[in-house]
Each structure stands twice: as structure tokens, then as C-alpha cells.
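**Student:** Data file query_19.txt (compact mmCIF, C-alpha atoms (C1' of nucleotides)) is appended below.
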```txt
# COMPACT_ATOMS: atom_id res chain seq x y z
CA MET A 1 -16.38 -26.62 22.42
CA GLN A 2 -15.60 -26.22 18.77
CA TRP A 3 -13.04 -23.83 17.47
CA SER A 4 -15.63 -22.18 15.27
CA GLN A 5 -17.65 -21.06 18.28
CA LEU A 6 -14.76 -19.35 19.99
CA ASP A 7 -15.43 -15.93 18.53
CA ALA A 8 -18.83 -15.88 20.23
CA GLU A 9 -17.25 -16.02 23.69
CA ALA A 10 -17.53 -12.93 25.87
CA CYS A 11 -13.77 -12.80 26.19
CA SER A 12 -11.49 -10.57 24.18
CA LEU A 13 -8.72 -13.12 24.33
CA ALA A 14 -10.94 -15.87 22.93
CA ARG A 15 -12.11 -13.57 20.17
CA THR A 16 -8.58 -12.61 19.25
CA LEU A 17 -7.49 -16.23 19.26
CA SER A 18 -10.37 -17.17 17.01
CA ILE A 19 -8.44 -15.22 14.37
CA MET A 20 -4.84 -15.85 15.35
CA GLY A 21 -4.80 -18.92 17.53
CA ASP A 22 -3.35 -21.36 15.09
CA ARG A 23 0.05 -22.60 14.13
CA TRP A 24 0.75 -20.23 11.26
CA THR A 25 -1.14 -16.98 11.46
CA LEU A 26 1.21 -15.15 13.81
CA LEU A 27 4.20 -16.26 11.79
CA ILE A 28 2.58 -14.87 8.66
CA LEU A 29 1.96 -11.63 10.50
CA ARG A 30 5.57 -11.48 11.69
CA ASP A 31 6.62 -11.57 8.06
CA CYS A 32 4.08 -8.88 7.21
CA PHE A 33 5.77 -6.61 9.76
CA LEU A 34 9.05 -7.41 7.99
CA ARG A 35 7.52 -6.13 4.75
CA ILE A 36 6.91 -9.51 3.17
CA ARG A 37 3.81 -9.15 1.02
CA ARG A 38 3.62 -11.78 -1.70
CA PHE A 39 2.31 -15.29 -1.71
CA ASP A 40 5.45 -17.01 -2.92
CA ASP A 41 7.63 -15.02 -0.56
CA PHE A 42 5.57 -16.06 2.44
CA GLN A 43 5.60 -19.61 1.23
CA ALA A 44 9.35 -19.76 0.69
CA ARG A 45 10.27 -18.04 3.97
CA LEU A 46 7.86 -19.96 6.17
CA GLY A 47 7.94 -23.35 4.52
CA ILE A 48 4.18 -23.45 4.98
CA GLY A 49 2.00 -25.57 2.71
CA ARG A 50 0.43 -23.54 -0.09
CA PRO A 51 -3.17 -24.55 0.64
CA ILE A 52 -2.81 -23.52 4.27
CA LEU A 53 -1.16 -20.25 3.34
CA ALA A 54 -3.96 -19.45 0.92
CA ASP A 55 -6.54 -20.23 3.57
CA ARG A 56 -4.85 -18.12 6.28
CA LEU A 57 -4.32 -15.12 4.03
CA GLN A 58 -7.94 -15.25 3.00
CA LYS A 59 -9.03 -15.37 6.64
CA LEU A 60 -6.78 -12.46 7.57
CA VAL A 61 -8.28 -10.45 4.72
CA ALA A 62 -11.79 -11.38 5.90
CA ALA A 63 -10.82 -10.18 9.39
CA ASP A 64 -9.58 -6.86 7.95
CA ILE A 65 -6.09 -7.48 9.27
CA LEU A 66 -4.58 -7.74 5.81
CA ALA A 67 -5.76 -6.09 2.61
CA LYS A 68 -5.30 -7.69 -0.80
CA VAL A 69 -4.10 -4.98 -3.16
CA PRO A 70 -3.15 -5.36 -6.84
CA TYR A 71 0.46 -4.52 -7.56
CA GLN A 72 0.34 -5.13 -11.32
CA GLU A 73 -2.11 -5.62 -14.18
CA ARG A 74 -1.78 -8.37 -16.81
CA PRO A 75 -1.81 -10.64 -15.16
CA VAL A 76 -3.44 -9.05 -12.15
CA ARG A 77 -1.35 -9.96 -9.15
CA TYR A 78 -2.16 -9.16 -5.57
CA GLU A 79 -0.07 -8.58 -2.50
CA TYR A 80 -1.09 -8.57 1.13
CA ARG A 81 -0.59 -5.52 3.31
CA LEU A 82 -1.31 -4.81 6.93
CA THR A 83 -4.37 -2.65 7.49
CA PRO A 84 -4.49 -0.14 10.38
CA LYS A 85 -6.21 -2.88 12.36
CA GLY A 86 -3.40 -5.25 11.48
CA LEU A 87 -0.81 -2.72 12.59
CA ASP A 88 -2.45 -2.73 15.99
CA LEU A 89 -1.21 -6.28 16.40
CA TYR A 90 2.30 -4.99 16.79
CA PRO A 91 2.32 -5.17 20.61
CA VAL A 92 1.21 -8.80 20.41
CA ILE A 93 4.07 -9.74 18.11
CA ILE A 94 6.63 -7.78 20.12
CA SER A 95 5.46 -9.32 23.40
CA LEU A 96 5.72 -12.80 21.97
CA VAL A 97 9.19 -12.08 20.59
CA HIS A 98 10.29 -10.62 23.90
CA PHE A 99 9.20 -13.71 25.79
CA GLY A 100 11.23 -15.83 23.39
CA ASP A 101 14.20 -13.50 23.81
CA GLN A 102 13.99 -13.75 27.59
CA HIS A 103 13.41 -17.46 27.95
CA LEU A 104 13.96 -19.39 24.77
CA ALA A 105 17.20 -18.04 23.31
CA GLY A 106 19.98 -20.59 22.90
CA PRO A 107 23.55 -20.15 24.12
CA GLU A 108 24.38 -18.18 20.98
CA GLY A 109 22.28 -15.27 22.18
CA LEU A 110 19.39 -13.38 20.64
CA PRO A 111 18.57 -13.94 16.96
CA VAL A 112 17.84 -10.25 16.38
CA LEU A 113 18.13 -7.01 18.32
CA HIS A 114 15.63 -4.17 18.25
CA ARG A 115 16.68 -0.56 18.03
CA HIS A 116 14.26 2.25 18.76
CA THR A 117 14.79 4.83 16.03
CA ALA A 118 13.31 7.64 18.11
CA CYS A 119 15.98 7.40 20.82
CA GLY A 120 18.62 5.34 19.03
CA ASN A 121 18.97 2.67 21.72
CA LEU A 122 18.61 -1.07 21.72
CA PHE A 123 15.61 -1.75 23.89
CA ASP A 124 13.14 -4.15 25.43
CA PRO A 125 9.40 -3.60 25.27
CA VAL A 126 7.81 -2.66 28.59
CA LEU A 127 4.10 -2.70 29.25
CA VAL A 128 2.89 0.35 31.16
CA CYS A 129 -0.41 1.71 32.42
CA SER A 130 -2.00 4.30 30.12
CA ALA A 131 -3.18 6.25 33.16
CA CYS A 132 -0.06 6.53 35.30
CA GLY A 133 2.74 5.34 33.04
CA GLU A 134 4.09 2.80 35.52
CA PRO A 135 4.89 -0.79 34.48
CA VAL A 136 2.02 -3.23 34.91
CA GLY A 137 2.48 -6.76 36.23
CA PRO A 138 0.08 -9.65 36.78
CA ARG A 139 -0.45 -8.75 40.43
CA ASP A 140 -1.20 -5.10 39.76
CA ILE A 141 -4.54 -5.53 38.07
CA VAL A 142 -8.12 -6.05 39.19
CA VAL A 143 -10.57 -7.30 36.59
CA GLU A 144 -14.06 -5.81 36.75
CA PRO A 145 -17.10 -6.82 34.74
CA GLY A 146 -17.64 -4.56 31.73
CA PRO A 147 -20.80 -3.68 29.82
CA GLY A 148 -20.33 -6.54 27.35
CA GLY A 149 -19.73 -9.16 30.01
CA ARG A 150 -21.82 -12.23 30.56
CA GLU A 151 -21.97 -14.32 33.69
CA ARG A 152 -19.62 -17.19 34.17
CA SER A 153 -18.41 -19.29 37.00
CA PRO A 154 -17.06 -16.94 39.67
CA VAL A 155 -13.37 -16.35 39.76
CA PRO A 156 -11.57 -16.53 43.12
CA SER A 157 -9.80 -13.20 42.73
CA ALA A 158 -8.90 -11.08 39.80
CA ASP A 159 -5.15 -10.92 40.11
CA ALA A 160 -2.68 -13.68 39.55
CA GLU A 161 0.27 -15.11 41.33
CA GLY A 162 3.11 -17.51 40.90
CA ALA A 163 4.73 -20.32 42.84
CA MET B 1 8.03 -27.33 7.48
CA GLN B 2 6.65 -29.41 10.29
CA TRP B 3 5.37 -27.95 13.49
CA SER B 4 7.79 -30.03 15.53
CA GLN B 5 10.78 -28.29 13.94
CA LEU B 6 9.59 -24.80 14.74
CA ASP B 7 11.46 -24.49 18.01
CA ALA B 8 14.74 -24.90 16.14
CA GLU B 9 14.15 -21.73 14.11
CA ALA B 10 16.40 -18.76 14.82
CA CYS B 11 13.37 -16.65 15.61
CA SER B 12 12.08 -15.86 19.05
CA LEU B 13 8.54 -15.66 17.77
CA ALA B 14 8.73 -19.11 16.20
CA ARG B 15 10.19 -20.54 19.40
CA THR B 16 7.49 -18.98 21.52
CA LEU B 17 4.80 -20.23 19.17
CA SER B 18 6.23 -23.73 19.31
CA ILE B 19 4.94 -23.71 22.91
CA MET B 20 1.86 -21.54 22.63
CA GLY B 21 0.83 -21.47 19.01
CA ASP B 22 -2.16 -23.71 19.22
CA ARG B 23 -5.84 -23.28 19.77
CA TRP B 24 -5.97 -23.85 23.50
CA THR B 25 -2.73 -23.06 25.27
CA LEU B 26 -3.24 -19.32 25.59
CA LEU B 27 -6.79 -19.83 26.82
CA ILE B 28 -5.48 -22.18 29.49
CA LEU B 29 -2.93 -19.57 30.46
CA ARG B 30 -5.59 -16.88 30.63
CA ASP B 31 -7.38 -18.99 33.22
CA CYS B 32 -4.13 -19.53 35.09
CA PHE B 33 -3.82 -15.75 35.45
CA LEU B 34 -7.37 -15.80 36.81
CA ARG B 35 -6.22 -18.25 39.51
CA ILE B 36 -7.75 -21.32 37.97
CA ARG B 37 -5.51 -24.21 38.90
CA ARG B 38 -7.29 -27.55 38.76
CA PHE B 39 -7.93 -29.95 35.93
CA ASP B 40 -11.69 -30.10 36.21
CA ASP B 41 -11.97 -26.34 36.63
CA PHE B 42 -10.05 -25.73 33.43
CA GLN B 43 -12.11 -28.33 31.67
CA ALA B 44 -15.44 -26.94 32.80
CA ARG B 45 -14.59 -23.30 32.12
CA LEU B 46 -13.00 -23.83 28.72
CA GLY B 47 -15.13 -26.65 27.38
CA ILE B 48 -11.92 -28.22 26.12
CA GLY B 49 -11.69 -31.97 25.58
CA ARG B 50 -10.07 -33.74 28.50
CA PRO B 51 -7.38 -35.51 26.48
CA ILE B 52 -6.26 -32.25 24.91
CA LEU B 53 -6.25 -30.48 28.25
CA ALA B 54 -4.11 -33.21 29.76
CA ASP B 55 -1.71 -32.97 26.84
CA ARG B 56 -1.42 -29.17 26.97
CA LEU B 57 -0.93 -29.04 30.72
CA GLN B 58 1.79 -31.63 30.47
CA LYS B 59 3.53 -29.61 27.73
CA LEU B 60 3.29 -26.40 29.74
CA VAL B 61 4.87 -28.18 32.70
CA ALA B 62 7.63 -29.51 30.44
CA ALA B 63 8.22 -25.94 29.22
CA ASP B 64 8.49 -24.73 32.84
CA ILE B 65 5.57 -22.37 32.36
CA LEU B 66 3.35 -24.23 34.80
CA ALA B 67 4.37 -26.31 37.81
CA LYS B 68 2.40 -29.30 39.02
CA VAL B 69 2.15 -29.10 42.78
CA PRO B 70 0.28 -31.46 45.14
CA TYR B 71 -2.49 -29.81 47.09
CA GLN B 72 -3.61 -32.87 49.05
CA GLU B 73 -2.54 -36.40 49.95
CA ARG B 74 -4.81 -39.46 49.78
CA PRO B 75 -5.50 -39.40 47.06
CA VAL B 76 -2.62 -37.26 45.88
CA ARG B 77 -4.07 -34.48 43.74
CA TYR B 78 -2.13 -31.91 41.81
CA GLU B 79 -2.82 -28.40 40.71
CA TYR B 80 -1.09 -26.27 38.11
CA ARG B 81 0.51 -22.97 38.97
CA LEU B 82 2.33 -20.38 36.94
CA THR B 83 6.08 -20.40 37.40
CA PRO B 84 8.09 -17.15 37.26
CA LYS B 85 8.65 -17.92 33.58
CA GLY B 86 4.92 -18.35 33.12
CA LEU B 87 4.25 -15.02 34.82
CA ASP B 88 6.45 -13.40 32.17
CA LEU B 89 3.74 -14.27 29.65
CA TYR B 90 1.52 -11.61 31.14
CA PRO B 91 2.32 -8.96 28.51
CA VAL B 92 1.43 -11.44 25.79
CA ILE B 93 -1.98 -12.15 27.29
CA ILE B 94 -2.69 -8.48 27.98
CA SER B 95 -1.69 -7.47 24.44
CA LEU B 96 -3.96 -10.08 22.95
CA VAL B 97 -6.83 -9.02 25.19
CA HIS B 98 -6.27 -5.39 24.33
CA PHE B 99 -6.41 -6.11 20.62
CA GLY B 100 -9.74 -7.87 21.15
CA ASP B 101 -10.98 -4.95 23.25
CA GLN B 102 -10.06 -2.47 20.53
CA HIS B 103 -11.31 -4.34 17.50
CA LEU B 104 -13.46 -7.31 18.35
CA ALA B 105 -15.85 -6.09 21.04
CA GLY B 106 -19.54 -6.31 20.14
CA PRO B 107 -22.02 -3.47 20.46
CA GLU B 108 -22.49 -4.30 24.15
CA GLY B 109 -19.01 -3.05 24.95
CA LEU B 110 -16.03 -4.64 26.63
CA PRO B 111 -16.48 -7.94 28.45
CA VAL B 112 -14.19 -6.89 31.31
CA LEU B 113 -12.39 -3.75 32.43
CA HIS B 114 -8.92 -3.61 33.91
CA ARG B 115 -8.07 -1.45 36.89
CA HIS B 116 -4.49 -0.73 37.86
CA THR B 117 -4.32 -1.12 41.61
CA ALA B 118 -1.20 1.04 41.92
CA CYS B 119 -2.92 4.15 40.58
CA GLY B 120 -6.56 3.17 40.91
CA ASN B 121 -7.54 3.93 37.31
CA LEU B 122 -9.07 1.88 34.56
CA PHE B 123 -6.37 1.62 31.94
CA ASP B 124 -5.12 0.32 28.62
CA PRO B 125 -1.75 -1.37 28.26
CA VAL B 126 0.82 0.68 26.36
CA LEU B 127 4.07 -0.69 25.03
CA VAL B 128 7.03 1.60 25.66
CA CYS B 129 10.77 1.57 25.04
CA SER B 130 12.83 0.45 28.04
CA ALA B 131 15.49 3.00 27.14
CA CYS B 132 13.50 6.20 26.68
CA GLY B 133 10.03 5.37 27.97
CA GLU B 134 8.26 6.54 24.84
CA PRO B 135 5.56 4.39 23.14
CA VAL B 136 6.88 2.09 20.43
CA GLY B 137 5.07 1.48 17.15
CA PRO B 138 5.82 -0.72 14.14
CA ARG B 139 7.53 2.09 12.27
CA ASP B 140 9.80 3.06 15.15
CA ILE B 141 12.00 0.00 15.17
CA VAL B 142 15.01 -1.22 13.23
CA VAL B 143 15.82 -4.90 13.46
CA GLU B 144 19.54 -5.76 13.61
CA PRO B 145 21.12 -9.21 13.50
CA GLY B 146 21.98 -10.49 16.95
CA PRO B 147 24.62 -12.99 18.09
CA GLY B 148 22.23 -15.94 17.77
CA GLY B 149 21.04 -15.00 14.29
CA ARG B 150 21.40 -17.16 11.25
CA GLU B 151 21.19 -16.03 7.67
CA ARG B 152 17.91 -15.98 5.85
CA SER B 153 16.54 -14.43 2.77
CA PRO B 154 17.18 -10.70 3.01
CA VAL B 155 14.39 -8.52 4.23
CA PRO B 156 13.57 -5.32 2.31
CA SER B 157 13.67 -3.10 5.37
CA ALA B 158 13.21 -3.65 9.02
CA ASP B 159 10.21 -1.50 9.79
CA ALA B 160 6.66 -2.06 8.74
CA GLU B 161 3.93 -0.06 7.21
CA GLY B 162 0.26 -0.15 6.46
CA ALA B 163 -1.98 0.59 3.53
C1' DA C 1 7.15 -22.78 -29.61
C1' DT C 2 9.27 -23.36 -25.04
C1' DA C 3 10.28 -22.09 -20.63
C1' DG C 4 9.54 -19.27 -16.61
C1' DT C 5 6.86 -16.45 -13.01
C1' DC C 6 3.31 -16.01 -9.74
C1' DA C 7 -0.89 -17.09 -7.27
C1' DG C 8 -3.29 -20.15 -6.30
C1' DT C 9 -6.40 -25.18 -6.46
C1' DG C 10 -7.09 -30.44 -6.11
C1' DC C 11 -6.34 -34.53 -4.07
C1' DA C 12 -4.52 -38.46 -1.27
C1' DT C 13 -2.19 -39.25 3.08
C1' DT C 14 -1.05 -38.30 7.80
C1' DT C 15 -1.83 -35.92 12.08
C1' DT C 16 -4.68 -33.64 15.36
C1' DT C 17 -8.95 -32.74 17.58
C1' DA C 18 -13.72 -33.69 19.39
C1' DG C 19 -16.65 -36.25 22.17
C1' DA C 20 -18.07 -39.78 24.99
C1' DA C 21 -17.09 -43.40 28.01
C1' DC C 22 -14.10 -45.64 31.24
C1' DT C 23 -10.29 -46.24 35.16
C1' DG C 24 -8.52 -45.70 39.74
C1' DA C 25 -7.92 -43.91 44.31
C1' DA C 26 -10.31 -42.34 47.99
C1' DG C 27 -14.08 -40.15 50.63
C1' DT C 28 -19.25 -39.82 52.06
C1' DC C 29 -23.79 -41.39 53.05
C1' DA C 30 -27.08 -44.86 55.10
C1' DT D 1 -21.18 -53.32 53.50
C1' DG D 2 -22.63 -51.11 49.38
C1' DA D 3 -23.85 -47.29 46.46
C1' DC D 4 -22.65 -42.90 45.09
C1' DT D 5 -19.46 -38.91 44.48
C1' DT D 6 -15.05 -36.32 43.46
C1' DC D 7 -10.99 -35.55 40.84
C1' DA D 8 -7.53 -36.41 37.45
C1' DG D 9 -6.73 -38.37 34.11
C1' DT D 10 -6.76 -42.47 29.90
C1' DT D 11 -8.84 -45.08 26.00
C1' DC D 12 -11.26 -45.29 21.91
C1' DT D 13 -13.54 -43.86 17.51
C1' DA D 14 -15.06 -40.47 14.25
C1' DA D 15 -14.45 -36.04 12.28
C1' DA D 16 -11.60 -32.15 11.02
C1' DA D 17 -7.30 -30.07 9.72
C1' DA D 18 -2.53 -30.16 8.03
C1' DT D 19 1.02 -32.01 4.84
C1' DG D 20 3.09 -32.74 0.41
C1' DC D 21 3.01 -32.82 -4.26
C1' DA D 22 1.29 -32.03 -8.64
C1' DC D 23 -1.47 -29.26 -11.43
C1' DT D 24 -4.01 -24.93 -13.55
C1' DG D 25 -4.24 -20.36 -15.59
C1' DA D 26 -2.73 -15.89 -17.01
C1' DC D 27 0.71 -13.84 -18.64
C1' DT D 28 6.09 -12.49 -20.03
C1' DA D 29 10.63 -13.53 -21.99
C1' DT D 30 13.48 -15.81 -25.53
```
Since I need it in another form, could you write the structure as C-alpha cells?

**Tutor:**
Amino acid sequence: MQWSQLDAEACSLARTLSIMGDRWTLLILRDCFLRIRRFDDFQARLGIGRPILADRLQKLVAADILAKVPYQERPVRYEYRLTPKGLDLYPVIISLVHFGDQHLAGPEGLPVLHRHTACGNLFDPVLVCSACGEPVGPRDIVVEPGPGGRERSPVPSADAEGA
Amino acid sequence: MQWSQLDAEACSLARTLSIMGDRWTLLILRDCFLRIRRFDDFQARLGIGRPILADRLQKLVAADILAKVPYQERPVRYEYRLTPKGLDLYPVIISLVHFGDQHLAGPEGLPVLHRHTACGNLFDPVLVCSACGEPVGPRDIVVEPGPGGRERSPVPSADAEGA
DNA sequence: ATAGTCAGTGCATTTTTAGAACTGAAGTCA
DNA sequence: TGACTTCAGTTCTAAAAATGCACTGACTAT
């Protein structure tokens, strides 16, 4: 399968990864959430090659995750801002960061801490069920075919398990 | 910057992406959560090239996200199972899927639905604060330097915003 | 006139991926 | 015995993508 066909898959994960499943896109988005908005700032902070950065920003704009907005005339210069759709990626970024915090931190401890301004505490993100509010784990879910599903090889069971 | 240096960054996101920031790894992991465990099953379901699959599985085992366990003797055959560390990736997968459900579903609707077995309802994943239990959005967080942080270019402010 | 800022583009080199075929150990069929 | 099948990879070549560096173009500052 080619990468370019991935967005045609009847799988929301595959479709999402067709936009963000590369080496740099999520790092660019991390910086967007840290209020980085300009080409040279992304380039300097990430150490990414300029042609790749230009390509990724253009793709994120095409996907309506970033918007290119002028911040000055003469010469016209643009900056990149998260759209409402882009802001919805926040749980993805936070989940990825939390995994790194849990499992990939060195002996020095966590690189950054997150404080929830609403309650004032340092916190960890927890994924809960929108219906009952209880935490959701891999064994607590059953996957059912939805209206946009297409047939595939059958899956043994819908939940997951470990060792 | 080279990809191989990414895991040395003082950023949990960069470290996580050094393991999973490629085209295929998260798709392999999705199938792991669907109880797919064998080489040929991954290959057939994903349409991934066999050399790449072999490489990614080996890297996931090295990262202690999957474990290679024998399921028969003569000939000895191995299957790949999520470790406890791998199971902790569940929020990442669910967040990615949810983004696709929200923004990338076609007119036919969602490919699959998720039912929470504990409460019996179809649900969406919601990210909440471990301290107060309230939902957390991009504007509700302040980032503070942690013990493992290293200096970087200063960031304008720690929260994010949209258009 | 000269230098500097910012947002890119062009191009040659290196790395990664895609795709198909092949290996090896063992079991099954006739 | 011999041919065929299963499973988990490996080998090889061609195509695609990333890297690194220099360069352009529109303007401002001195």
C-alpha cells in the first residue's frame, strides 16, 4: 500500500495518520500549541529542513488544521495559526506527551510539568467515557461496525489485552 | 536535525515520536489492540511491505512496547503482544481515532463505534484533569519547567489559542 | 549603496520505502 | 518419496522522500 492511499481507508486512525503520520508534523503542531507561528521560528526551534517545513505547513493548511494569516503588509508576511479543527488535536498531543512522561523520561525527571489553571493543580491527563465519566482502558471497549464501515478480515474480539 | 537524535531531546513528545513517529508504527499498534499478533496477519491487513514490517516490529520489541513470544515449537513461531507499556499507548490511539471520527469521516458516517462495557453506552473519549476531573482544553494549561528540562528559546506563553 | 529580515525555492546527495522474489524449517497430501 | 503449503522473515532493485546548503525576492534600516 502506498502512503497516498491511506486516507481512503475506512479507518479513522488511518485517515488521521494520513495527515499527521510523519516524522515532523506532530512536532510542528506541538510548537503551534506553544504559540510558535512563524516559519523561521519553527525552523530554528525544530532544526527541520526548510523545504520539509514548507511542505508540511502547506499540507496542514490544506487539511484546515492551520490557517495562514497575514501579520504585516509590505512585504506581506504570513503566520500559521491553529484552526478550531487544529485545536481539536490537543488530546492527541497531550496523550503522546503523557506516554513520554510515563515511560521515556530520563533520571532527571520530567522535562515540563502541566498545571491545570481551572483547579490550580499539577495534573496528568486521564481519558474518560463521555457517557459515564469513568476512566476507559483497552479492555473496557467493544468495537461495533458503524455506518461508514466496510468489510475487512474478521477480528477475533474487539477488546485488547497484554502479556 | 536528524531523526536518530530525536530521542535525546528534552521533550516527551519528541521522545515518543522517536518510537512512533513514522508512517506505519501506529497502524501496527492499532492492530495489536485489535488482537492481531502474527506477522502475516499484520502484513495482510495493513498491506505494508514485509521488510518494513519486520523492521518496525523489531523496533517495537526493542522499545518494550511489544513482546515476541513463541506460540508453537517445530518450527518455533513467534507472535507479538502488547506489553504493559504498550497498553499505556491506548489513549494515544483512541485520541487519534476520535480526531478522525470528528473531522475526517466521510458522508457515510463513522467506520466503527465504541461501546464502553462498564456502562453499556456508545461513547466518545474525553480528556480530564487527574486532580479535579474536569475536561482539559488547550487554553486551560500552563506549562512549567520540570526537573528534567533544559533551556530552549523562550516561549511567548504556555497556553494556546486559535484563529 | 550595503546589510539585514523573513519566507520560502532549487538542487545534489543520502536515506527510506515499495514491491517482488527468495530462504528455511516444518507439516500435509498422495 | 516428492510436491505443495504455511509462516516468518531476508535479499535485492527501483522509486520516493529527507537532508543540507545556497539562493531568490520583497522589503526595511543605516

**Student:** Give me, please, the distance in Å between atom CA of Gln72 of chain A and atom CA of Phe39 of chain A, quoted to one decimal.

**Tutor:** 14.1 Å

**Student:** Grab the atom CA of Asp140 of chain A to atom CA of Ala118 of chain B distance for me, in Å with one decimal place.

**Tutor:** 6.5 Å

**Student:** Enumerate, as a list of chain:residue names, the protein, DNA and RNA residues whose atoms approach (2.0, -15.0, -18.7) to within 12 Å, taking into account all atoms listed in the file and the coordinate frame of the file.

**Tutor:** A:Glu73, A:Arg74, A:Pro75, A:Val76, A:Arg77, C:DA3, C:DG4, C:DT5, C:DC6, C:DA7, D:DG25, D:DA26, D:DC27, D:DT28, D:DA29

**Student:** Any idea what the distance is between atom CA of Arg35 of chain A and atom CA of Ala8 of chain B?

**Tutor:**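 Those two atoms sit 23.1 Å apart.
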
**Student:** Enumerate, as number ranges by chain, the protein, DNA and RNA residues whose atoms approach (-9.5, -47.4, 30.0) to within 10 Å, taking into account only C-alpha atoms (C1' of nucleotides) and the coordinate frame of the file.

**Tutor:** C: 21-24; D: 10-12

**Student:** With a distance cut-off of 12 Å and only C-alpha atoms (C1' of nucleotides), select the neighbouring residues of DA18 of chain D, excluding the residue or stretch itself and same-chain residues fewer than 5 positions from it, and output the selection as number ranges by chain.

**Tutor:** A: 22-24, 48-53, 55; B: 1-3; C: 13-17

**Student:** Hey, which of B:Glu79, B:His116, B:Val143, B:Leu26 ends up closest to chain D? Count all atoms listed in the file.

**Tutor:**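 Result for the nearest residue to chain D: B:Glu79.
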
**Student:** Of the candidates B:Leu113, B:Ala54, B:Ile28, B:Ile19, which shows the shortest atom-to-atom distance to chain A, using all atoms listed in the file?

**Tutor:**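 The closest residue to chain A is B:Leu113.
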
**Student:** Nearest to Pro91 of chain A among B:Ala44, B:Val61, B:Leu127, B:Val112, with distances taken over only C-alpha atoms: which residue is it?

**Tutor:**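 Closest to Pro91 of chain A of all the choices is B:Leu127.
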